[in-house]
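I have placed the structure first, in the form of structure tokens, so that the comments after it can refer back to it.
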Amino acid sequence: MGKGPVFREHFFQYKWNYLLGAILLSISLLFQLLIPLLLEKFADGIQEGSIEVSFLWELALWFTVVGIGIFIFRSIGRIYIFRMSRMLERDLRKELFQHWEKLPAEYYQKQKIGNLMAHAVNDVNILRQIGMQGVFQMVEAVVLITIAVIMMAATIHFSLTLLVLLPLPGLTYIAYRFRAKIQWQSRKVQEAIGTLTSRVQEFCSGIQIIKTYVQEQEQLNKFTQENDQNVEVNKQLIRSNSLFTSLSQGIVGLSYLVSIVYGSILVMQGSISLGEFVAFNTYLSLLIAPIENIGKVINLLQQGKAADKRIREVLSTEPEIRDEEGVLPIADVKGNLQIRNLSFQYQSSTSFSLKKINLTIPKGTSLAIIGKVGSGKSTLVNLLLRLYNPPKNTIFIDGHDIHSLRLKQLRTSISYVPQDNFLFSSTIKENIAFDPKPYEDILVVQAAKHASVYEDIQEFPSGFETVMGERGLSLSGGQRQRVSIARALIKPSPIVIIDDSLSAVDSKTESFILQTLQNEMKGRTSIIISHRISTIKDADQIIVLDKGEIVERGTHQSLLDHGGIYESMYMQQMTELKMARKMNQPSNERTILMRRRRD
Ligand SMILES: Nc1ncnc2c1ncn2[C@@H]1O[C@H](COP(=O)(O)OP(=O)(O)OP(=O)(O)O)[C@@H](O)[C@H]1O
């Protein structure tokens with residue numbers, strides 16, 4: 001079932017709070033509407049020459065009471081209404097975030113990050129503004145306009161009221177038309193400033209490459225173009241603002257002109273008193289802002305309708321990957337893996353990324369996967385983790401189809417080192433102990449040692465407490481890989497998957513990590529993906545993937561004996577290593593292997 005309008009839901013949930021806020025605000029407006037009456041008394045007193053000191057004191061007291069009344073009720077009413085809309089903002093962002101957490105990886109590949117941010121920031125802001133300014137200004141407009149117009153027409157002069165009010169709907173219309181335009185132009189100004197900032201940032205980061213490629217003039221041209229664009233959008237904004245201000249002042253001026261000319265005639269004719277004339281103009285001044293605000297609120301409501309729809313669309317997106325009905329509560333996952341006749345095609349792809357894969361990986365054994373770029377290695381892992389949904393009855397853990405396991409249990413059972421070693425902008429310690437379960441410091445240190453990154457961490461300014469990204473601290477590719485490995489090692493899960501995670505470390509570190517891994521993985525089922533034969537040669541079974549198919553399988557020795565793709569990869573890598581060593585350039589080893597991988 002689709003979700004109902006988000007704002008309406010929120011409004012009804014907090015209706016009593018909004019009502020209380022509206023009542024308090026209305027009381028403050030009633031106080032405000034006393035001002036014209038007080039001024040009327042004062043002006044009439046002057047006209048009649050009947051003002052005494054006691055009257056002035058009384059008037060001063062009334063003004064004080066009115067001022068205090070406005071201050072107290074307006075402030076509390078405002079706090080009530082504004083607080084509710086901040087709650088809307090908080091609740092909605094939380095709901096969006098919670099929902100996003102449920103959506104699969106594929107969703108994020110189809111979405112632009114900018115769009116998601118726009119929902120979480122701009123759309124939510126628009127709904128908050130409706131809850132804030134929208135509600136506040138509507139209450140103000142309804143109460144002030146209704147009472148002021150009744151007072152003007154019924155107690156002062158009907159036709160004067162009618163004539164004075166005639167131009168004012170124009171004010172609402174202009175505010176409605178210009179608000180959207182001015183907002184749009186303000187956004188353009190922000191964007192232009194953003195572009196300039198990015199240009200300068202990029203210039204600073206790329207200064208070396210700019211200088212070596214002698215691109216200074218081109219950079220200056222681009223900067224000048226964007227700088228001019230910034231001036232242009234600012235000019236447009238200034239034009240719109242000036243036009244809006246002039247037009248609205250013209251309309252307001254017209255109303256005052258009618259009021260003063262016709263009102264003065266009525267005073268001279270004795271149809272209204274001087275006090276009534278003063279009161280009338282004070283009512284008029286109270287009316288201007290609310291009448292203008294109606295236009296702004298209508299505009300805001302229109303934007304809100306669109307924002308509400310966009311947010312609803314996100315919240316109604318059903319997570320394709322979720323716990324299925326009748327999931328099995330398995331007490332203990334042991335780690336026997338079986339893949340039966342697995343073929344898989346990504347939704348956005350026209351061809352199969354995996355074809356008829358059959359594999360058995362008994363508990364505690366290791367499988368290595370090797371193959372060219374795009375041969376389907378990561379896809380297999382994605383399916384095992386259910387980051388994408390495999391077809392039913394194709395992947396089994398301990399004999400259970402993974403669809404019948406709770407997602408949480410499945411993923412808790414697997415320690416995963418992904419290809420892109422993403423680290424969060426928190427401390428190194430938190431990056432390693434990244435698990436709902438808390439870990440003692442000693443375990444974090446142990447994991448770092450096993451992943452061969454302990455020494456590196458010791459050299460960071462605050463050791464394990466060093467915050468990633470702080471004061472420019474960024475880790476090298478190899479360090480990131482090893483922190484990611486430590487993150488996986490600390491988790492005591494029966495299955496470990498390492499997706500090409502030793503590519504950026506040198507062979508000495510690699511063999512050290514592999515040795516520790518062997519100890520750490522005792523009893524655990526492991527899957528290691530790599531382009532380097534040195535990484536995988538000791539695995540219990542090795543498969544070679546090509547265009548989504550298993551084209552060779554066996555142990556290191558049996559595959560060499562077989563003399564197929566594996567053997568030729570091995571020979572090639574050995575030759576390259578020998579050449580690199582001969583040239584006494586050990587660091588080239590990695591470069592050559594990376595180049596190999598690209599090819
Ligand atoms: N999210 C996706 N949507 C559509 N196609 C995808 C997606 N991810 C991967 N593919 C395609 O599936 C095939 C297998 O990709 P996969 O990432 O599994 O290869 P790989 O062997 O892990 O490559 P690499 O060595 O670069 O990691 C490729 O043709 C790739 O373009």
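Every chain in the structure tokens takes a letter, A first, then B, and so on in the order presented; its residues are numbered from 1, and the ligands are numbered from 1 following the presented order.
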- Message: Set the distance at 12 Å and use only C-alpha atoms: which residues neighbour A:Glu567 once local chain neighbours fewer than 6 positions away are removed? I'd like the list as a ChimeraX atom specification.
- Response: /A:370,533,537,544,552-561,573-574
Resulting file, chosen residues, C-alpha atoms, as a short mmCIF file (atom, residue, chain, number, x, y, z; two decimals), in the first residue's frame:
```cif
data_model
loop_
_atom_site.label_atom_id
_atom_site.label_comp_id
_atom_site.auth_asym_id
_atom_site.auth_seq_id
_atom_site.Cartn_x
_atom_site.Cartn_y
_atom_site.Cartn_z
CA ILE A 370 41.28 -16.18 -10.18
CA ILE A 533 48.97 -16.58 -8.16
CA LYS A 537 48.57 -21.05 -4.63
CA VAL A 544 39.59 -20.01 -12.92
CA GLU A 552 39.44 -24.67 -14.85
CA ARG A 553 39.46 -26.08 -11.35
CA GLY A 554 41.90 -27.97 -9.17
CA THR A 555 44.86 -27.38 -6.88
CA HIS A 556 47.84 -25.21 -7.78
CA GLN A 557 49.85 -28.23 -8.86
CA SER A 558 47.06 -29.97 -10.77
CA LEU A 559 46.28 -26.74 -12.64
CA LEU A 560 49.93 -26.28 -13.56
CA ASP A 561 50.04 -29.85 -14.75
CA GLN A 573 53.71 -13.68 -13.70
CA MET A 574 56.90 -15.62 -12.98
#
```
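Restricting the atom set to only C-alpha atoms and all ligand atoms, one finds that the residues within 7 Å of ligand 1 amount to Glu106, Gln109, Tyr346, Gln347, Ser348, Ser349, Ser353, Gly371, Lys372, Val373, Gly374, Ser375, Gly376, Lys377, Ser378, Thr379, Leu380 and Gly548 of chain A.
Here the question is which of A:His157, A:His10, A:Lys188, A:Lys94 gets nearest to A:Ile130 using only C-alpha atoms, and that residue is A:His10.
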- Message: Would you pick out the contacts of stretch 382-389 of chain A at 12 Å or less, using only C-alpha atoms, so that residues sharing its chain but fewer than 4 positions from it are not included, and give the list as JSON, numbers by chain?
- Response: {"A": [102, 103, 104, 105, 106, 107, 108, 109, 319, 320, 321, 322, 323, 324, 335, 337, 338, 339, 342, 343, 344, 345, 346, 347, 353, 354, 376, 377, 378, 393, 394, 395, 396, 397, 401, 402, 403, 404, 405, 406, 407, 408, 409, 410, 411, 412, 413, 414, 415, 416, 417, 418, 419, 495, 496, 497, 498, 499, 527]}
- Task: Step one, run DSSP on the backbone; step two, keep only residues of stretch 484-571 of chain A assigned to alpha helix (DSSP H); then write them as a ChimeraX atom specification.
- Result: /A:484-489,507-520,533-536,556-562,565-571
- Task: List every residue of stretch 173-377 of chain A that DSSP, applied to the backbone, labels as strand (DSSP E), and write the result as a count of residues only.
- Result: 22
- Could you name the residues that touch A:Ile79 at 12 Å or less, counting only C-alpha atoms, but leaving out those on the same chain fewer than 6 positions away, as a ChimeraX atom specification? /A:17-18,20-22,24-25,71-73,85-86,131-133,136
- Counting only C-alpha atoms, which of A:Lys355, A:Val189, A:Ser530, A:Lys110 gets nearest to A:Val551? A:Lys355
Env of A:Gln515: 12 Å cut, atoms = only C-alpha atoms, seq-sep filter 4 positions within chain, self excluded. Answer as a short mmCIF file (atom, residue, chain, number, x, y, z; two decimals) with C-alpha atoms, in the first residue's frame.
```
data_model
loop_
_atom_site.label_atom_id
_atom_site.label_comp_id
_atom_site.auth_asym_id
_atom_site.auth_seq_id
_atom_site.Cartn_x
_atom_site.Cartn_y
_atom_site.Cartn_z
CA HIS A 450 47.71 -10.32 12.17
CA ALA A 451 46.89 -7.98 9.29
CA SER A 452 50.43 -6.62 9.47
CA LYS A 508 57.03 -9.70 1.60
CA THR A 509 54.03 -8.26 3.46
CA GLU A 510 51.76 -10.44 1.37
CA SER A 511 53.46 -13.66 2.40
CA ASN A 519 46.59 -19.66 11.25
CA GLU A 520 43.66 -17.32 11.72
CA MET A 521 41.52 -19.19 9.23
CA LYS A 522 41.97 -22.59 10.77
CA THR A 535 48.35 -15.17 -3.07
CA ILE A 536 46.24 -18.19 -3.87
CA ASP A 538 48.09 -22.75 -1.25
#
```
- Excluding stretch 217-232 of chain A and residues on its chain fewer than 5 positions from it, collect all residues at most 8 Å away from it, counting only C-alpha atoms, and give them as an MDAnalysis selection string. chainID A and resid 189 192:193 195:196 199 203
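Look at stretch 158-173 of chain A: the protein and nucleic acid residues within 6 Å of it, using only C-alpha atoms and passing over chain neighbours fewer than 4 places away, are Ala153, Ser248, Ser255, Val258, Ser259, Ile291, Glu292, Ile294 and Gly295 of chain A.
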